[in-house]
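Shown next: input.pdb, containing PDB, C-alpha atoms.
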```pdb
ATOM      1  CA  MET A  34      14.090 -24.042  20.096
ATOM      2  CA  SER A  35      15.081 -20.937  18.146
ATOM      3  CA  GLY A  36      12.693 -21.982  15.357
ATOM      4  CA  LEU A  37       9.865 -22.393  17.841
ATOM      5  CA  ARG A  38      10.548 -18.988  19.374
ATOM      6  CA  ALA A  39      10.584 -17.410  15.931
ATOM      7  CA  ARG A  40       7.207 -18.976  15.084
ATOM      8  CA  GLN A  41       5.741 -17.853  18.407
ATOM      9  CA  LYS A  42       7.031 -14.330  17.844
ATOM     10  CA  ALA A  43       5.581 -14.252  14.314
ATOM     11  CA  ASP A  44       2.238 -15.514  15.640
ATOM     12  CA  ARG A  45       2.111 -12.803  18.327
ATOM     13  CA  HIS A  46       3.015 -10.185  15.753
ATOM     14  CA  ARG A  47       0.260 -11.409  13.420
ATOM     15  CA  ARG A  48      -2.351 -11.403  16.189
ATOM     16  CA  ILE A  49      -1.427  -7.869  17.240
ATOM     17  CA  ILE A  50      -1.618  -6.558  13.672
ATOM     18  CA  GLU A  51      -4.925  -8.265  12.943
ATOM     19  CA  ALA A  52      -6.472  -7.065  16.209
ATOM     20  CA  ALA A  53      -5.235  -3.508  15.664
ATOM     21  CA  ALA A  54      -6.498  -3.389  12.080
ATOM     22  CA  GLU A  55      -9.957  -4.494  13.205
ATOM     23  CA  LEU A  56     -10.066  -2.026  16.099
ATOM     24  CA  PHE A  57      -8.739   0.877  14.021
ATOM     25  CA  ARG A  58     -11.528   0.246  11.505
ATOM     26  CA  ASP A  59     -14.268  -0.187  14.119
ATOM     27  CA  ALA A  60     -13.303   2.384  16.765
ATOM     28  CA  GLY A  61     -11.157   4.702  14.668
ATOM     29  CA  TYR A  62      -7.436   5.244  15.075
ATOM     30  CA  GLU A  63      -7.812   7.738  17.912
ATOM     31  CA  GLY A  64     -10.481   5.682  19.657
ATOM     32  CA  ALA A  65      -8.543   2.424  19.699
ATOM     33  CA  LYS A  66      -6.619   1.759  22.913
ATOM     34  CA  ILE A  67      -3.435  -0.270  23.260
ATOM     35  CA  GLU A  68      -5.052  -2.164  26.155
ATOM     36  CA  THR A  69      -7.967  -3.194  23.925
ATOM     37  CA  ILE A  70      -5.628  -4.271  21.134
ATOM     38  CA  ALA A  71      -3.692  -6.378  23.645
ATOM     39  CA  ALA A  72      -6.850  -8.009  24.998
ATOM     40  CA  GLN A  73      -8.156  -8.844  21.536
ATOM     41  CA  ALA A  74      -4.763 -10.185  20.439
ATOM     42  CA  GLU A  75      -4.518 -12.209  23.671
ATOM     43  CA  VAL A  76      -1.146 -10.728  24.598
ATOM     44  CA  SER A  77      -0.016  -8.433  27.403
ATOM     45  CA  VAL A  78       0.310  -4.683  26.972
ATOM     46  CA  GLY A  79       4.014  -5.121  27.674
ATOM     47  CA  THR A  80       4.303  -7.539  24.763
ATOM     48  CA  ILE A  81       2.886  -4.927  22.406
ATOM     49  CA  TYR A  82       5.421  -2.374  23.629
ATOM     50  CA  ASN A  83       8.172  -4.930  23.030
ATOM     51  CA  TYR A  84       7.253  -4.747  19.338
ATOM     52  CA  TYR A  85       6.020  -1.183  18.912
ATOM     53  CA  GLN A  86       6.649   2.154  20.608
ATOM     54  CA  ASN A  87       3.152   3.527  19.931
ATOM     55  CA  LYS A  88      -0.020   3.162  17.858
ATOM     56  CA  GLY A  89       1.660   4.903  14.945
ATOM     57  CA  ASP A  90       4.195   2.098  14.719
ATOM     58  CA  ILE A  91       1.365  -0.448  14.677
ATOM     59  CA  LEU A  92      -0.377   1.483  11.908
ATOM     60  CA  GLY A  93       2.896   1.547   9.994
ATOM     61  CA  ALA A  94       3.143  -2.231  10.279
ATOM     62  CA  ILE A  95      -0.368  -2.590   8.858
ATOM     63  CA  VAL A  96       0.503  -0.300   5.928
ATOM     64  CA  SER A  97       3.659  -2.345   5.309
ATOM     65  CA  MET A  98       1.668  -5.573   5.313
ATOM     66  CA  GLU A  99      -0.820  -4.078   2.851
ATOM     67  CA  VAL A 100       1.807  -2.809   0.426
ATOM     68  CA  ASN A 101       3.983  -5.920   0.593
ATOM     69  CA  GLU A 102       1.000  -8.098  -0.263
ATOM     70  CA  VAL A 103       0.202  -6.079  -3.384
ATOM     71  CA  LEU A 104       3.874  -6.028  -4.370
ATOM     72  CA  ASN A 105       3.968  -9.820  -4.150
ATOM     73  CA  ALA A 106       0.805 -10.055  -6.238
ATOM     74  CA  GLY A 107       2.275  -7.619  -8.763
ATOM     75  CA  HIS A 108       5.324  -9.794  -9.456
ATOM     76  CA  GLY A 109       3.198 -12.076 -11.638
ATOM     77  CA  VAL A 110       1.965  -9.179 -13.756
ATOM     78  CA  VAL A 111       5.506  -7.925 -14.336
ATOM     79  CA  ALA A 112       6.709 -11.417 -15.244
ATOM     80  CA  ASN A 113       3.814 -12.160 -17.607
ATOM     81  CA  PRO A 114       1.990  -8.935 -18.521
ATOM     82  CA  PRO A 115      -1.049  -8.663 -20.809
ATOM     83  CA  ALA A 116      -0.041  -7.965 -24.409
ATOM     84  CA  ASN A 117      -1.898  -4.641 -24.432
ATOM     85  CA  VAL A 118      -0.044  -1.766 -22.696
ATOM     86  CA  GLY A 119      -3.210  -0.225 -21.273
ATOM     87  CA  ASP A 120      -4.378  -3.581 -19.955
ATOM     88  CA  ALA A 121      -0.965  -4.267 -18.409
ATOM     89  CA  LEU A 122      -0.939  -0.975 -16.507
ATOM     90  CA  ASP A 123      -4.586  -1.379 -15.515
ATOM     91  CA  THR A 124      -3.963  -4.897 -14.207
ATOM     92  CA  LEU A 125      -1.015  -3.855 -12.023
ATOM     93  CA  LEU A 126      -2.577  -0.643 -10.728
ATOM     94  CA  GLY A 127      -5.838  -2.506 -10.231
ATOM     95  CA  ILE A 128      -4.101  -4.881  -7.819
ATOM     96  CA  TYR A 129      -2.879  -1.889  -5.811
ATOM     97  CA  ILE A 130      -6.247  -0.125  -5.738
ATOM     98  CA  GLU A 131      -8.555  -3.113  -5.230
ATOM     99  CA  HIS A 132      -6.513  -4.289  -2.222
ATOM    100  CA  SER A 133      -6.109  -0.836  -0.674
ATOM    101  CA  LEU A 134      -9.033  -1.157   1.752
ATOM    102  CA  HIS A 135      -8.452  -4.794   2.680
ATOM    103  CA  TYR A 136      -6.664  -4.007   5.950
ATOM    104  CA  LEU A 137      -6.991  -0.242   6.156
ATOM    105  CA  SER A 138     -10.023   2.017   6.202
ATOM    106  CA  LYS A 139      -9.914   5.430   4.583
ATOM    107  CA  GLU A 140      -9.575   6.976   8.036
ATOM    108  CA  MET A 141      -6.529   4.788   8.666
ATOM    109  CA  TRP A 142      -4.982   5.828   5.349
ATOM    110  CA  ARG A 143      -5.572   9.489   6.198
ATOM    111  CA  GLN A 144      -3.849   9.004   9.544
ATOM    112  CA  ALA A 145      -0.913   7.212   7.934
ATOM    113  CA  MET A 146      -0.514   9.941   5.323
ATOM    114  CA  ALA A 147      -0.682  12.633   8.017
ATOM    115  CA  ILE A 148       2.027  10.967  10.109
ATOM    116  CA  SER A 149       4.304  10.460   7.112
ATOM    117  CA  THR A 150       3.864  14.108   6.106
ATOM    118  CA  GLN A 151       4.287  15.564   9.595
ATOM    119  CA  LEU A 152       7.199  13.309  10.557
ATOM    120  CA  PRO A 153       9.017  12.474   7.305
ATOM    121  CA  ASP A 154      12.306  11.670   9.054
ATOM    122  CA  SER A 155      10.745   9.395  11.685
ATOM    123  CA  PRO A 156      10.992   5.605  11.276
ATOM    124  CA  PHE A 157       7.331   5.650  10.196
ATOM    125  CA  GLY A 158       7.914   8.412   7.650
ATOM    126  CA  GLN A 159      10.991   6.730   6.215
ATOM    127  CA  ALA A 160       9.237   3.360   5.982
ATOM    128  CA  TYR A 161       6.222   4.961   4.256
ATOM    129  CA  THR A 162       8.500   6.634   1.713
ATOM    130  CA  ALA A 163      10.324   3.347   1.107
ATOM    131  CA  LEU A 164       7.011   1.607   0.373
ATOM    132  CA  ASP A 165       6.108   4.306  -2.159
ATOM    133  CA  ARG A 166       9.504   3.789  -3.791
ATOM    134  CA  ALA A 167       8.925   0.035  -3.959
ATOM    135  CA  LEU A 168       5.611   0.556  -5.758
ATOM    136  CA  THR A 169       7.272   3.002  -8.154
ATOM    137  CA  GLU A 170      10.046   0.498  -8.853
ATOM    138  CA  GLN A 171       7.520  -2.218  -9.659
ATOM    139  CA  ILE A 172       5.743   0.040 -12.151
ATOM    140  CA  ARG A 173       9.126   0.872 -13.682
ATOM    141  CA  ALA A 174       9.869  -2.850 -13.915
ATOM    142  CA  LEU A 175       6.583  -3.430 -15.738
ATOM    143  CA  ILE A 176       7.355  -0.670 -18.239
ATOM    144  CA  ALA A 177      10.852  -2.073 -18.784
ATOM    145  CA  ARG A 178       9.293  -5.495 -19.384
ATOM    146  CA  LEU A 179       6.861  -4.023 -21.898
ATOM    147  CA  GLN A 180       9.732  -2.243 -23.638
ATOM    148  CA  GLY A 181      11.627  -5.527 -23.777
ATOM    149  CA  LEU A 182       8.591  -7.178 -25.378
ATOM    150  CA  GLY A 183       8.431  -4.424 -27.983
ATOM    151  CA  LEU A 184       5.113  -3.078 -26.722
ATOM    152  CA  VAL A 185       6.368   0.279 -25.399
ATOM    153  CA  ARG A 186       8.615   2.604 -27.366
ATOM    154  CA  ARG A 187      12.245   2.330 -26.313
ATOM    155  CA  ASP A 188      12.942   6.018 -26.936
ATOM    156  CA  PHE A 189      10.885   6.894 -23.853
ATOM    157  CA  ASP A 190      12.575   7.072 -20.457
ATOM    158  CA  GLY A 191      11.058   4.066 -18.670
ATOM    159  CA  HIS A 192      12.316   5.320 -15.317
ATOM    160  CA  ALA A 193      10.479   8.611 -15.703
ATOM    161  CA  LEU A 194       7.380   6.868 -17.043
ATOM    162  CA  GLY A 195       7.216   4.707 -13.928
ATOM    163  CA  GLU A 196       7.436   7.780 -11.722
ATOM    164  CA  LEU A 197       4.763   9.537 -13.776
ATOM    165  CA  VAL A 198       2.319   6.618 -13.553
ATOM    166  CA  PHE A 199       2.873   6.158  -9.817
ATOM    167  CA  ASN A 200       2.698   9.857  -8.959
ATOM    168  CA  ASN A 201      -0.557  10.291 -10.868
ATOM    169  CA  MET A 202      -2.121   7.190  -9.279
ATOM    170  CA  ASN A 203      -0.917   8.251  -5.833
ATOM    171  CA  MET A 204      -2.370  11.744  -6.122
ATOM    172  CA  MET A 205      -5.702  10.320  -7.245
ATOM    173  CA  PHE A 206      -5.615   7.822  -4.374
ATOM    174  CA  ILE A 207      -5.046  10.657  -1.901
ATOM    175  CA  GLU A 208      -8.123  12.414  -3.277
ATOM    176  CA  PHE A 209     -10.017   9.109  -3.042
ATOM    177  CA  VAL A 210      -9.290   8.594   0.656
ATOM    178  CA  LYS A 211     -10.257  12.179   1.458
ATOM    179  CA  ARG A 212     -13.889  11.438   0.595
ATOM    180  CA  ASP A 213     -15.673   8.610   2.385
ATOM    181  CA  GLU A 214     -18.322   8.443  -0.333
ATOM    182  CA  ALA A 215     -15.783   7.880  -3.145
ATOM    183  CA  ARG A 216     -15.816   4.376  -4.600
ATOM    184  CA  ILE A 217     -13.003   2.189  -5.873
ATOM    185  CA  ALA A 218     -14.754   1.690  -9.219
ATOM    186  CA  GLU A 219     -14.792   5.466  -9.732
ATOM    187  CA  LEU A 220     -11.105   5.732  -8.864
ATOM    188  CA  ARG A 221     -10.122   2.966 -11.262
ATOM    189  CA  ALA A 222     -12.171   4.512 -14.061
ATOM    190  CA  ALA A 223     -10.509   7.894 -13.507
ATOM    191  CA  ILE A 224      -7.021   6.342 -13.545
ATOM    192  CA  ARG A 225      -7.832   4.435 -16.752
ATOM    193  CA  ARG A 226      -9.123   7.616 -18.405
ATOM    194  CA  GLN A 227      -5.945   9.544 -17.651
ATOM    195  CA  ASN A 228      -3.627   6.655 -18.506
ATOM    196  CA  ARG A 229      -5.196   6.331 -21.970
ATOM    197  CA  ILE A 230      -3.458   9.575 -22.954
ATOM    198  CA  LEU A 231      -0.104   8.206 -21.822
ATOM    199  CA  VAL A 232      -0.643   4.800 -23.444
ATOM    200  CA  ALA A 233      -1.492   6.437 -26.769
ATOM    201  CA  ALA A 234       1.877   8.190 -26.680
ATOM    202  CA  ILE A 235       4.117   5.313 -25.572
ATOM    203  CA  ALA A 236       2.569   2.184 -27.124
ATOM    204  CA  VAL A 237       4.179   0.771 -30.271
TER     205      VAL A 237
END
```

Write-out of the structure in structure tokens:
Amino acid sequence: MSGLRARQKADRHRRIIEAAAELFRDAGYEGAKIETIAAQAEVSVGTIYNYYQNKGDILGAIVSMEVNEVLNAGHGVVANPPANVGDALDTLLGIYIEHSLHYLSKEMWRQAMAISTQLPDSPFGQAYTALDRALTEQIRALIARLQGLGLVRRDFDGHALGELVFNNMNMMFIEFVKRDEARIAELRAAIRRQNRILVAAIAV
């Protein structure tokens, strides 16, 4: 019975997240109502509040789902990276960028960033920071793998390189979500252009 309850709970959670993501995109974060999310997810309003305290918590769950999916996809790149350093970085960062609007709209990303900035010590803010750290750690792991394969110079601090690559990508992503007209292809091209300078310095 405990297994059945766990599956039912996971199914309700999934339905709530999927309904909220759709409504946040269609009606906007502010325009979406908990009652509408509940109706679309075919659960009671009380059930939603059993899982989440407010809409911000639901948004946080969507961000977590987004980031965890790209982290899972990135494991394969770290394990078996392209033999070219620039291609390896582009492949991993490309997974992050190309998937970034799968569940979240730019308006949703702006809202998530605002909450994490305004309330850094809240559960949402702490979870958002932890997700950023997880992405940074995966980039560090890729660089360590490339160093182990003899593709990146070992005299460079791989830890710092991972932070540098993530921080630059993250800042460019923030600028990307600020402008509704900005396109993913433009963002990826800009990241590649800046990373070429770094790759030229660190590649063996």

Distance query 12 Å from (12.2, 6.3, -25.2) using all atoms listed in the file, result as a VMD selection string: chain A and resid 176 to 177 180 to 181 183 to 194 234 to 237

When the PyMOL selection byres ((chain A and resi 149) around 10) is applied to the structure above, which residues does it catch, written out as a PDB file with C-alpha atoms, in the frame of the given file?
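Dumped to out_33.pdb:
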```pdb
ATOM      1  CA  GLY A  89       1.660   4.903  14.945  1.00  0.00           C
ATOM      2  CA  GLY A  93       2.896   1.547   9.994  1.00  0.00           C
ATOM      3  CA  ARG A 143      -5.572   9.489   6.198  1.00  0.00           C
ATOM      4  CA  GLN A 144      -3.849   9.004   9.544  1.00  0.00           C
ATOM      5  CA  ALA A 145      -0.913   7.212   7.934  1.00  0.00           C
ATOM      6  CA  MET A 146      -0.514   9.941   5.323  1.00  0.00           C
ATOM      7  CA  ALA A 147      -0.682  12.633   8.017  1.00  0.00           C
ATOM      8  CA  ILE A 148       2.027  10.967  10.109  1.00  0.00           C
ATOM      9  CA  THR A 150       3.864  14.108   6.106  1.00  0.00           C
ATOM     10  CA  GLN A 151       4.287  15.564   9.595  1.00  0.00           C
ATOM     11  CA  LEU A 152       7.199  13.309  10.557  1.00  0.00           C
ATOM     12  CA  PRO A 153       9.017  12.474   7.305  1.00  0.00           C
ATOM     13  CA  ASP A 154      12.306  11.670   9.054  1.00  0.00           C
ATOM     14  CA  SER A 155      10.745   9.395  11.685  1.00  0.00           C
ATOM     15  CA  PRO A 156      10.992   5.605  11.276  1.00  0.00           C
ATOM     16  CA  PHE A 157       7.331   5.650  10.196  1.00  0.00           C
ATOM     17  CA  GLY A 158       7.914   8.412   7.650  1.00  0.00           C
ATOM     18  CA  GLN A 159      10.991   6.730   6.215  1.00  0.00           C
ATOM     19  CA  ALA A 160       9.237   3.360   5.982  1.00  0.00           C
ATOM     20  CA  TYR A 161       6.222   4.961   4.256  1.00  0.00           C
ATOM     21  CA  THR A 162       8.500   6.634   1.713  1.00  0.00           C
TER      22      THR A 162
END
```

Chain and number of each residue from the PyMOL selection byres ((chain A and resi 127-140) around 9), as a short mmCIF file (atom, residue, chain, number, x, y, z; two decimals) with C-alpha atoms, in the coordinates of the input:
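Once everything was written out, this is expr.cif:
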```
data_model
loop_
_atom_site.label_atom_id
_atom_site.label_comp_id
_atom_site.auth_asym_id
_atom_site.auth_seq_id
_atom_site.Cartn_x
_atom_site.Cartn_y
_atom_site.Cartn_z
CA GLU A 51 -4.92 -8.26 12.94
CA ALA A 54 -6.50 -3.39 12.08
CA GLU A 55 -9.96 -4.49 13.20
CA PHE A 57 -8.74 0.88 14.02
CA ARG A 58 -11.53 0.25 11.50
CA GLY A 61 -11.16 4.70 14.67
CA TYR A 62 -7.44 5.24 15.08
CA LEU A 92 -0.38 1.48 11.91
CA ILE A 95 -0.37 -2.59 8.86
CA VAL A 96 0.50 -0.30 5.93
CA MET A 98 1.67 -5.57 5.31
CA GLU A 99 -0.82 -4.08 2.85
CA VAL A 100 1.81 -2.81 0.43
CA GLU A 102 1.00 -8.10 -0.26
CA VAL A 103 0.20 -6.08 -3.38
CA LEU A 104 3.87 -6.03 -4.37
CA ALA A 106 0.80 -10.06 -6.24
CA GLY A 107 2.28 -7.62 -8.76
CA LEU A 122 -0.94 -0.98 -16.51
CA ASP A 123 -4.59 -1.38 -15.52
CA THR A 124 -3.96 -4.90 -14.21
CA LEU A 125 -1.01 -3.86 -12.02
CA LEU A 126 -2.58 -0.64 -10.73
CA MET A 141 -6.53 4.79 8.67
CA TRP A 142 -4.98 5.83 5.35
CA ARG A 143 -5.57 9.49 6.20
CA GLN A 144 -3.85 9.00 9.54
CA ALA A 145 -0.91 7.21 7.93
CA LEU A 168 5.61 0.56 -5.76
CA PHE A 206 -5.62 7.82 -4.37
CA PHE A 209 -10.02 9.11 -3.04
CA VAL A 210 -9.29 8.59 0.66
CA LYS A 211 -10.26 12.18 1.46
CA ARG A 212 -13.89 11.44 0.60
CA ASP A 213 -15.67 8.61 2.38
CA ILE A 217 -13.00 2.19 -5.87
CA ALA A 218 -14.75 1.69 -9.22
CA LEU A 220 -11.10 5.73 -8.86
CA ARG A 221 -10.12 2.97 -11.26
#
```

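Distance check against Asn113 of chain A using only C-alpha atoms: of A:Val76, A:Leu179, A:Ile67, A:Gly36, the minimum falls on A:Leu179.
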
Could you tell me which residues the PyMOL selection byres ((chain A and resi 224) around 9) grabs in this file, written as a PDB file with C-alpha atoms, in the frame of the given file?
```pdb
ATOM      1  CA  ASP A 123      -4.586  -1.379 -15.515  1.00  0.00           C
ATOM      2  CA  LEU A 126      -2.577  -0.643 -10.728  1.00  0.00           C
ATOM      3  CA  ASN A 201      -0.557  10.291 -10.868  1.00  0.00           C
ATOM      4  CA  MET A 202      -2.121   7.190  -9.279  1.00  0.00           C
ATOM      5  CA  MET A 205      -5.702  10.320  -7.245  1.00  0.00           C
ATOM      6  CA  GLU A 219     -14.792   5.466  -9.732  1.00  0.00           C
ATOM      7  CA  LEU A 220     -11.105   5.732  -8.864  1.00  0.00           C
ATOM      8  CA  ARG A 221     -10.122   2.966 -11.262  1.00  0.00           C
ATOM      9  CA  ALA A 222     -12.171   4.512 -14.061  1.00  0.00           C
ATOM     10  CA  ALA A 223     -10.509   7.894 -13.507  1.00  0.00           C
ATOM     11  CA  ARG A 225      -7.832   4.435 -16.752  1.00  0.00           C
ATOM     12  CA  ARG A 226      -9.123   7.616 -18.405  1.00  0.00           C
ATOM     13  CA  GLN A 227      -5.945   9.544 -17.651  1.00  0.00           C
ATOM     14  CA  ASN A 228      -3.627   6.655 -18.506  1.00  0.00           C
ATOM     15  CA  ARG A 229      -5.196   6.331 -21.970  1.00  0.00           C
TER      16      ARG A 229
END
```

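Distance-wise, atom CA of Lys42 of chain A and atom CA of Lys66 of chain A end up 21.7 Å apart.
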
Between atom CA of Tyr82 of chain A and atom CA of Leu37 of chain A, what is the distance in Å, rounded to a tenth?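 Answer for the atom CA of Tyr82 of chain A to atom CA of Leu37 of chain A separation: 21.3 Å.
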
Which is closer to Ala233 of chain A than all the others in A:Thr169, A:Ala71, A:Leu182, A:Asn117, using all atoms listed in the file? A:Asn117

Go through A:Gln171, A:Asn87, A:Gly64, A:Leu56 one by one, measure the shortest atom-to-atom distance of each to Gly109 of chain A using all atoms listed in the file, and give the residue with the smallest value.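 For Gly109 of chain A, the nearest of the candidates is A:Gln171.
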
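Atom CA of Asn101 of chain A sits 14.2 Å away from atom CA of Ile50 of chain A.
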
Could you add whatever atoms are missing so that segment 198-208 of chain A carries all heavy atoms, then write the result as an mmCIF file, in the coordinates of the input?
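The result, stored in result_7.cif:
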```
data_model
loop_
_atom_site.group_PDB
_atom_site.id
_atom_site.type_symbol
_atom_site.label_atom_id
_atom_site.label_comp_id
_atom_site.auth_asym_id
_atom_site.auth_seq_id
_atom_site.Cartn_x
_atom_site.Cartn_y
_atom_site.Cartn_z
ATOM 1 N N VAL A 198 3.500 7.457 -13.794
ATOM 2 C CA VAL A 198 2.319 6.618 -13.553
ATOM 3 C C VAL A 198 2.034 6.510 -12.057
ATOM 4 O O VAL A 198 0.886 6.645 -11.617
ATOM 5 C CB VAL A 198 2.515 5.219 -14.171
ATOM 6 C CG1 VAL A 198 1.396 4.274 -13.731
ATOM 7 C CG2 VAL A 198 2.569 5.311 -15.692
ATOM 8 N N PHE A 199 3.093 6.272 -11.264
ATOM 9 C CA PHE A 199 2.873 6.158 -9.817
ATOM 10 C C PHE A 199 2.390 7.474 -9.227
ATOM 11 O O PHE A 199 1.434 7.499 -8.437
ATOM 12 C CB PHE A 199 4.143 5.724 -9.086
ATOM 13 C CG PHE A 199 3.968 5.783 -7.589
ATOM 14 C CD1 PHE A 199 3.280 4.780 -6.925
ATOM 15 C CD2 PHE A 199 4.433 6.870 -6.851
ATOM 16 C CE1 PHE A 199 3.064 4.845 -5.553
ATOM 17 C CE2 PHE A 199 4.227 6.948 -5.477
ATOM 18 C CZ PHE A 199 3.543 5.930 -4.828
ATOM 19 N N ASN A 200 3.056 8.569 -9.559
ATOM 20 C CA ASN A 200 2.698 9.857 -8.959
ATOM 21 C C ASN A 200 1.256 10.241 -9.282
ATOM 22 O O ASN A 200 0.534 10.770 -8.416
ATOM 23 C CB ASN A 200 3.653 10.952 -9.444
ATOM 24 C CG ASN A 200 5.034 10.823 -8.838
ATOM 25 O OD1 ASN A 200 5.207 10.192 -7.799
ATOM 26 N ND2 ASN A 200 6.030 11.400 -9.491
ATOM 27 N N ASN A 201 0.818 9.969 -10.504
ATOM 28 C CA ASN A 201 -0.557 10.291 -10.868
ATOM 29 C C ASN A 201 -1.540 9.407 -10.096
ATOM 30 O O ASN A 201 -2.534 9.899 -9.538
ATOM 31 C CB ASN A 201 -0.756 10.105 -12.370
ATOM 32 C CG ASN A 201 -2.130 10.553 -12.825
ATOM 33 O OD1 ASN A 201 -2.507 11.705 -12.644
ATOM 34 N ND2 ASN A 201 -2.901 9.640 -13.404
ATOM 35 N N MET A 202 -1.254 8.098 -10.042
ATOM 36 C CA MET A 202 -2.121 7.190 -9.279
ATOM 37 C C MET A 202 -2.156 7.584 -7.810
ATOM 38 O O MET A 202 -3.226 7.599 -7.178
ATOM 39 C CB MET A 202 -1.616 5.754 -9.407
ATOM 40 C CG MET A 202 -2.403 4.746 -8.587
ATOM 41 S SD MET A 202 -1.569 3.143 -8.407
ATOM 42 C CE MET A 202 -0.201 3.599 -7.301
ATOM 43 N N ASN A 203 -1.002 7.922 -7.250
ATOM 44 C CA ASN A 203 -0.917 8.251 -5.833
ATOM 45 C C ASN A 203 -1.716 9.515 -5.508
ATOM 46 O O ASN A 203 -2.427 9.573 -4.499
ATOM 47 C CB ASN A 203 0.549 8.430 -5.433
ATOM 48 C CG ASN A 203 0.748 8.447 -3.934
ATOM 49 O OD1 ASN A 203 0.171 7.636 -3.215
ATOM 50 N ND2 ASN A 203 1.575 9.367 -3.450
ATOM 51 N N MET A 204 -1.607 10.516 -6.353
ATOM 52 C CA MET A 204 -2.370 11.744 -6.122
ATOM 53 C C MET A 204 -3.872 11.479 -6.193
ATOM 54 O O MET A 204 -4.655 11.984 -5.366
ATOM 55 C CB MET A 204 -1.986 12.821 -7.152
ATOM 56 C CG MET A 204 -2.705 14.148 -6.944
ATOM 57 S SD MET A 204 -2.497 14.822 -5.276
ATOM 58 C CE MET A 204 -0.731 15.157 -5.279
ATOM 59 N N MET A 205 -4.282 10.648 -7.134
ATOM 60 C CA MET A 205 -5.702 10.320 -7.245
ATOM 61 C C MET A 205 -6.168 9.470 -6.061
ATOM 62 O O MET A 205 -7.307 9.598 -5.603
ATOM 63 C CB MET A 205 -5.973 9.615 -8.573
ATOM 64 C CG MET A 205 -5.699 10.496 -9.783
ATOM 65 S SD MET A 205 -5.970 9.657 -11.353
ATOM 66 C CE MET A 205 -7.742 9.759 -11.459
ATOM 67 N N PHE A 206 -5.269 8.627 -5.551
ATOM 68 C CA PHE A 206 -5.615 7.822 -4.374
ATOM 69 C C PHE A 206 -5.780 8.711 -3.142
ATOM 70 O O PHE A 206 -6.681 8.498 -2.324
ATOM 71 C CB PHE A 206 -4.542 6.767 -4.124
ATOM 72 C CG PHE A 206 -4.857 5.849 -2.963
ATOM 73 C CD1 PHE A 206 -5.864 4.908 -3.059
ATOM 74 C CD2 PHE A 206 -4.144 5.944 -1.775
ATOM 75 C CE1 PHE A 206 -6.174 4.072 -1.990
ATOM 76 C CE2 PHE A 206 -4.441 5.111 -0.705
ATOM 77 C CZ PHE A 206 -5.460 4.166 -0.810
ATOM 78 N N ILE A 207 -4.926 9.710 -3.017
ATOM 79 C CA ILE A 207 -5.046 10.657 -1.901
ATOM 80 C C ILE A 207 -6.405 11.348 -1.948
ATOM 81 O O ILE A 207 -7.087 11.491 -0.922
ATOM 82 C CB ILE A 207 -3.899 11.689 -1.933
ATOM 83 C CG1 ILE A 207 -2.562 11.016 -1.597
ATOM 84 C CG2 ILE A 207 -4.176 12.841 -0.965
ATOM 85 C CD1 ILE A 207 -1.353 11.900 -1.829
ATOM 86 N N GLU A 208 -6.815 11.778 -3.139
ATOM 87 C CA GLU A 208 -8.123 12.414 -3.277
ATOM 88 C C GLU A 208 -9.241 11.421 -2.947
ATOM 89 O O GLU A 208 -10.254 11.792 -2.349
ATOM 90 C CB GLU A 208 -8.299 12.955 -4.700
ATOM 91 C CG GLU A 208 -7.393 14.126 -5.038
ATOM 92 C CD GLU A 208 -7.607 15.304 -4.098
ATOM 93 O OE1 GLU A 208 -8.772 15.659 -3.842
ATOM 94 O OE2 GLU A 208 -6.604 15.863 -3.599
#
```
